[in-house]
Amino acid sequence: MIINPILKKDLKTKLRGWRTMVLICCYILLLAAILFVYFAGNNMLTPRTGGNYSPRMAVDAYNLLIVFQFALLFLVVPAITATSITSERERQTLDLMLVTKTSATRIVLGKIMVSIAHTMLLLIASMPVLGVVFFFGGVNFVDIAKLLLFYVITSFFVASCGVFCSTLFKRNIVSIITTYIFLGLITFGPFIALLISVYVKELRLSGVGFNPTYGTYLKPLFPSSVFGFTSFYYGGSNMYGYGLWGSMCQEIESQMARETGILRLFKPWIVNSIFNIVGSAILILLSAVKLNPVRRKS
Amino acid sequence: MMVTVENLTKRYKKTLAVDELCMGIPEGEIYGFVGANGAGKTTTMRIIAGLLAPTSGKVFVDGIDVTKEPLRVKKHLGYMPDFFGVYDDLKVTEYMGFYGGLQGIYGAECEKLIDSLLELVRLTEKKEAYVDSLSRGMKQRLCLARSLIHDPRFLILDEPASGLDPRARVEMREILKELRTMGKTVLISSHILTELSELCTSIGIIDEGRLVASGSVSQVLEKMSHSESIKIKVLERQDEAVKILLEMPEIGEISSVSGTLEVKVKGGEKLFAKVLKALVERDIPVVSFHPEEGSLESVFMQLTERGKDNDN
């Protein structure tokens with residue numbers, strides 16, 4: 001099987017040493033520690049001796065882990081990809097790649113595949129920890145498979161943003177900061193706006209005719225991966241989780257149910273994934289154009 | 001022609017790096033590209049390699065337009081820049097395999113090529129070593145092997161001997177000679193002009209983005225042969241000797257270095273005889289009379305100086 005040479009080189013160099021192994025072990029231990037502290041904090045470790053064992057609490061623990069993973073994805077992937085081209089420039093190896101018959105698009109895809117490979121490694125390594133919740137029920141394999149698919153597609157988009165910024169700037173630090181700002185705006189910006197609007201509704205405008213509709217409030221959220229992530233969150237101890245976050249998930253769910261068009265057939269994660277795939281394709285194309293030497297100004 | 005450059009111009013904002021440059025490199029030639037720092041050599045080479053877009057003008061490699069079909073050109077082209085560009089965490093064979101993969105060469109075919117190229121650049125015994133453990137000269141040779149992984153017909157070598165110690169330089173020169181016997185067309189730039197004159201079949205001298213001379217090494221030397229220098233040592237009466245020499249219109253600048261007169265003359269062997277005769281006839285005790293042969297350095301200095309004079 002022919003593997004993209006950029007991916008092959010990266011896997012060979014990164015997985016050869018002890019550092020990756022230590023990193024993965026630390027990551028799994030951290031997840032296990034989170035789970036342990038959560039169960040211990042809810043007195044679930046000793047159900048036979050007076051503990052308040054509840055399967056709902058296990059689902060909440062699962063929610064906690066997947067939120068942690070989701071946040072990690074947004075931290076790790078840009079850190080890998082936002083320096084992918086700039087570091088080649090700094091190392092003076094970019095020209096050596098561009099002078100080969102490998103196209104700029106294939107180079108960009110290779111860099112994206114590297115970050116997805118790392119994400120997949122972390123996600124798959126964490127499966128045994130996530131699997132603990134199966135003992136308690138409430139989450140099935142299909143849910144986790146869908147979540148993994150969502151994570152991969154989201155990683156693809158996040159990686160595309162990172163590589164795109166990496167082609168735009170010459171310095172690593174500028175590229176990293178720009179990637180985080182761009183992702184912050186596109187992922188969390190619209191959601192924070194909705195969060196504030198729901199908060200305002202609950203506190204001040206309840207019962208005075210403030211009635212946000214799906215069309216006006218949710219469509220701008222489609223690009224946000226947080227919007228897609230809500231598909232995997234609910235199902236906790238009070239159906240939508242606690243507090244503002246729970247009520248926001250409920251809002252999205254109820255507004256989606258009211259949708260009459262084709263969007264009614266899609267869950268938020270599917271809608272967001274479609275956006276991410278289209279967005280990734282555009283960013284890859286732009287990165288390849290920017291990277292193409294005969295189009296570069298200097 | 002393996003390479004044809006037509007009216008190539010490259011401008012960086014207000015700086016004109018390459019100015020209406022025209023040149024051609026026939027197939028099988030080793031073409032030496034000579035020029036001072038900032039003369040436009042690297043810019044020209046990067047444009048030919050498809051790594052930089054020209055402001056105007058055309059470049060064809062094996063008849064293919066570099067800007068229109070860059071990927072097609074890259075199949076025939078190997079490029080070695082004036083920097084190492086190595087991944088320190090890779091072994092020599094992995095480094096070569098990586099670039100083999102980027103050139104679309106995999107598996108057993110790639111391994112076979114790597115072995116033969118490492119043998120060519122005399123790095124076989126280092127095949128399992130990490131790249132960062134290699135000496136500078138070895139890294140340069142490895143970079144040369146990398147640029148040959150897809151068996152290109154045309155090679156661009158930008159300062160391949162820069163920063164190398166004399167031994168490494170000799171080794172590099174031997175390898176380049178082998179490339180010549182393999183029938184590769186090579187465009188090579190270097191500051192070590194004597195090396196170029198030994199290696200190259202033709203040369204081009206670039207100054208301030210313009211090609212001021214080109215042709216075979218002998219042609220370029222011949223073109224400038226009317227401007228030579230003679231080293232004359234006299235036993236005594238040096239001042240009188242200078243006076244005699246200055247009476248002759250063909251004599252240019254005269255300088256005295258460690259008791260030896262260095263006389264710039266404009267003319268060939270007949271003039272040398274005339275100068276010697278004039279001194280001997282006036283009983284000047286000439287101890288040695290040594291006409292300096294034209295060298296690439298002297299030609300380069302004259303041409304680039306002439307360009308500056310014209311500008312002024």
# chains A, B, ... in the order shown; residues from 1 in each chain; ligands from 1
call {"tool": "closest_atom_pairs", "arguments": {"of": "range 146-169 of chain B", "to": "range 90-113 of chain B", "cutoff": "12 Å", "atoms": "only C-alpha atoms", "output": "tab-separated table"}}
result
residue	atom	partner	partner_atom	distance
B:Arg146	CA	B:Met96	CA	5.9
B:Ser147	CA	B:Tyr99	CA	8.6
B:Leu148	CA	B:Leu113	CA	9.3
B:Ile149	CA	B:Gly100	CA	6.0
B:His150	CA	B:Gln103	CA	6.4
B:Asp151	CA	B:Leu113	CA	9.0
B:Pro152	CA	B:Gln103	CA	10.7
call {"tool": "write_last_selection", "arguments": {"atoms": "N, CA and C atoms", "output": "PDB file, in the first residue's frame"}}
result
ATOM      1  N   ARG B 146      20.058  13.236  -3.022  1.00  0.00           N
ATOM      2  CA  ARG B 146      18.602  13.454  -2.977  1.00  0.00           C
ATOM      3  C   ARG B 146      18.097  14.064  -4.284  1.00  0.00           C
ATOM      4  N   SER B 147      18.873  15.027  -4.798  1.00  0.00           N
ATOM      5  CA  SER B 147      18.420  15.691  -6.029  1.00  0.00           C
ATOM      6  C   SER B 147      18.500  14.765  -7.243  1.00  0.00           C
ATOM      7  N   LEU B 148      19.186  13.626  -7.071  1.00  0.00           N
ATOM      8  CA  LEU B 148      19.327  12.688  -8.211  1.00  0.00           C
ATOM      9  C   LEU B 148      18.387  11.488  -8.105  1.00  0.00           C
ATOM     10  N   ILE B 149      17.566  11.440  -7.052  1.00  0.00           N
ATOM     11  CA  ILE B 149      16.783  10.236  -6.757  1.00  0.00           C
ATOM     12  C   ILE B 149      15.845   9.824  -7.911  1.00  0.00           C
ATOM     13  N   HIS B 150      15.363  10.796  -8.669  1.00  0.00           N
ATOM     14  CA  HIS B 150      14.424  10.461  -9.761  1.00  0.00           C
ATOM     15  C   HIS B 150      15.126  10.472 -11.118  1.00  0.00           C
ATOM     16  N   ASP B 151      16.463  10.383 -11.076  1.00  0.00           N
ATOM     17  CA  ASP B 151      17.280  10.335 -12.287  1.00  0.00           C
ATOM     18  C   ASP B 151      16.936  11.476 -13.259  1.00  0.00           C
ATOM     19  N   PRO B 152      17.090  12.720 -12.784  1.00  0.00           N
ATOM     20  CA  PRO B 152      16.750  13.849 -13.669  1.00  0.00           C
ATOM     21  C   PRO B 152      17.781  14.043 -14.763  1.00  0.00           C
TER      22      PRO B 152
END
call {"tool": "interface_residues", "arguments": {"of": "chain B", "to": "chain A", "cutoff": "8 Å", "atoms": "only C-alpha atoms", "output": "PyMOL selection string"}}
result
chain B and resi 12+49-54+67+70-72+74-75+78-79+83-87+89-90+94+98-99+101-104+106
call {"tool": "write_last_selection", "arguments": {"atoms": "C-alpha atoms", "output": "PDB file, in the first residue's frame"}}
result
ATOM      1  CA  TYR B  12      11.033  42.574  -5.771  1.00  0.00           C
ATOM      2  CA  ALA B  49      13.478  25.266 -10.903  1.00  0.00           C
ATOM      3  CA  GLY B  50       9.861  26.460 -10.803  1.00  0.00           C
ATOM      4  CA  LEU B  51      10.197  27.739  -7.238  1.00  0.00           C
ATOM      5  CA  LEU B  52       9.642  31.366  -8.036  1.00  0.00           C
ATOM      6  CA  ALA B  53       7.364  33.140 -10.455  1.00  0.00           C
ATOM      7  CA  PRO B  54       9.092  35.527 -12.856  1.00  0.00           C
ATOM      8  CA  THR B  67       5.340  28.443 -15.285  1.00  0.00           C
ATOM      9  CA  PRO B  70       5.664  23.022 -13.455  1.00  0.00           C
ATOM     10  CA  LEU B  71       4.905  19.417 -12.481  1.00  0.00           C
ATOM     11  CA  ARG B  72       5.968  18.132 -15.914  1.00  0.00           C
ATOM     12  CA  LYS B  74       9.962  18.718 -12.207  1.00  0.00           C
ATOM     13  CA  LYS B  75      10.119  15.160 -13.552  1.00  0.00           C
ATOM     14  CA  GLY B  78      16.907  17.998  -9.860  1.00  0.00           C
ATOM     15  CA  TYR B  79      17.578  20.939  -7.587  1.00  0.00           C
ATOM     16  CA  PHE B  83      21.509  25.242   2.066  1.00  0.00           C
ATOM     17  CA  PHE B  84      21.279  21.715   3.492  1.00  0.00           C
ATOM     18  CA  GLY B  85      17.545  21.348   4.074  1.00  0.00           C
ATOM     19  CA  VAL B  86      17.724  18.123   6.044  1.00  0.00           C
ATOM     20  CA  TYR B  87      15.505  16.507   8.659  1.00  0.00           C
ATOM     21  CA  ASP B  89      15.580  12.984  13.042  1.00  0.00           C
ATOM     22  CA  LEU B  90      15.831  10.784   9.946  1.00  0.00           C
ATOM     23  CA  GLU B  94      14.899   7.205   5.351  1.00  0.00           C
ATOM     24  CA  PHE B  98      11.166  10.238   1.823  1.00  0.00           C
ATOM     25  CA  TYR B  99      12.237  12.190  -1.243  1.00  0.00           C
ATOM     26  CA  GLY B 101       8.291   8.861  -2.217  1.00  0.00           C
ATOM     27  CA  LEU B 102       7.733  12.517  -3.074  1.00  0.00           C
ATOM     28  CA  GLN B 103       9.084  11.739  -6.553  1.00  0.00           C
ATOM     29  CA  GLY B 104       6.735   8.771  -6.854  1.00  0.00           C
ATOM     30  CA  TYR B 106       8.630   3.381  -3.827  1.00  0.00           C
TER      31      TYR B 106
END
call {"tool": "select_by_dssp", "arguments": {"residues": "range 24-231 of chain A", "states": "helix (DSSP H, G or I)", "output": "ChimeraX atom specification"}}
result
/A:24-41,47-49,55-81,84-90,94-98,104-125,127-135,141-168,172-205,214-217,219-221,225-231
call {"tool": "atom_distance", "arguments": {"atom1": "CA of Leu221 in chain A", "atom2": "CA of Leu122 in chain A"}}
result
27.5 Å
call {"tool": "residues_around", "arguments": {"residues": "range 203-210 of chain B", "least_positions_apart": "2", "cutoff": "6 Å", "atoms": "only C-alpha atoms", "output": "number ranges by chain"}}
result
B: 17-19, 21, 31-35, 39-40, 212-217, 304
call {"tool": "select_by_dssp", "arguments": {"residues": "range 38-213 of chain B", "states": "strand (DSSP E)", "output": "tab-separated table (two decimals) with C-alpha atoms, in the first residue's frame"}}
result
chain	number	residue	atom	x	y	z
B	56	SER	CA	8.10	38.68	-16.94
B	57	GLY	CA	9.85	36.50	-19.48
B	58	LYS	CA	9.80	32.80	-20.22
B	59	VAL	CA	11.77	29.78	-19.08
B	60	PHE	CA	11.66	26.46	-20.91
B	61	VAL	CA	13.20	23.24	-19.63
B	64	ILE	CA	8.33	22.76	-21.42
B	65	ASP	CA	7.23	26.12	-20.05
B	77	LEU	CA	14.77	18.47	-12.97
B	78	GLY	CA	16.91	18.00	-9.86
B	79	TYR	CA	17.58	20.94	-7.59
B	80	MET	CA	20.20	21.36	-4.91
B	154	PHE	CA	18.87	18.40	-15.80
B	155	LEU	CA	20.47	19.42	-12.49
B	156	ILE	CA	20.55	22.81	-10.84
B	157	LEU	CA	23.31	23.07	-8.25
B	158	ASP	CA	23.46	26.32	-6.31
B	185	THR	CA	22.98	18.71	-18.13
B	186	VAL	CA	24.09	20.76	-15.14
B	187	LEU	CA	23.64	24.40	-14.23
B	188	ILE	CA	26.09	25.12	-11.44
B	189	SER	CA	26.89	28.29	-9.58
B	202	SER	CA	30.48	26.70	-20.78
B	203	ILE	CA	29.91	29.61	-18.46
B	204	GLY	CA	27.69	32.64	-18.03
B	205	ILE	CA	28.70	35.68	-16.03
B	206	ILE	CA	25.85	37.54	-14.37
B	207	ASP	CA	26.14	40.99	-12.89
B	210	ARG	CA	22.22	40.88	-16.48
B	211	LEU	CA	24.24	38.27	-18.35
B	212	VAL	CA	27.45	40.14	-19.24
B	213	ALA	CA	29.23	37.25	-20.93
call {"tool": "residues_around", "arguments": {"residues": "range 70-84 of chain A", "least_positions_apart": "6", "cutoff": "8 Å", "atoms": "only C-alpha atoms", "output": "list in words"}}
result
Lys111, Ile112, Ser115, Ile116, Thr119, Tyr151, Ser155, Val158, Ala159, Ser160, Cys161, Gly162, Val163, Phe164, Cys165, Ser166, Asn172, Ser175, Ile176, Thr179 and Tyr180 of chain A
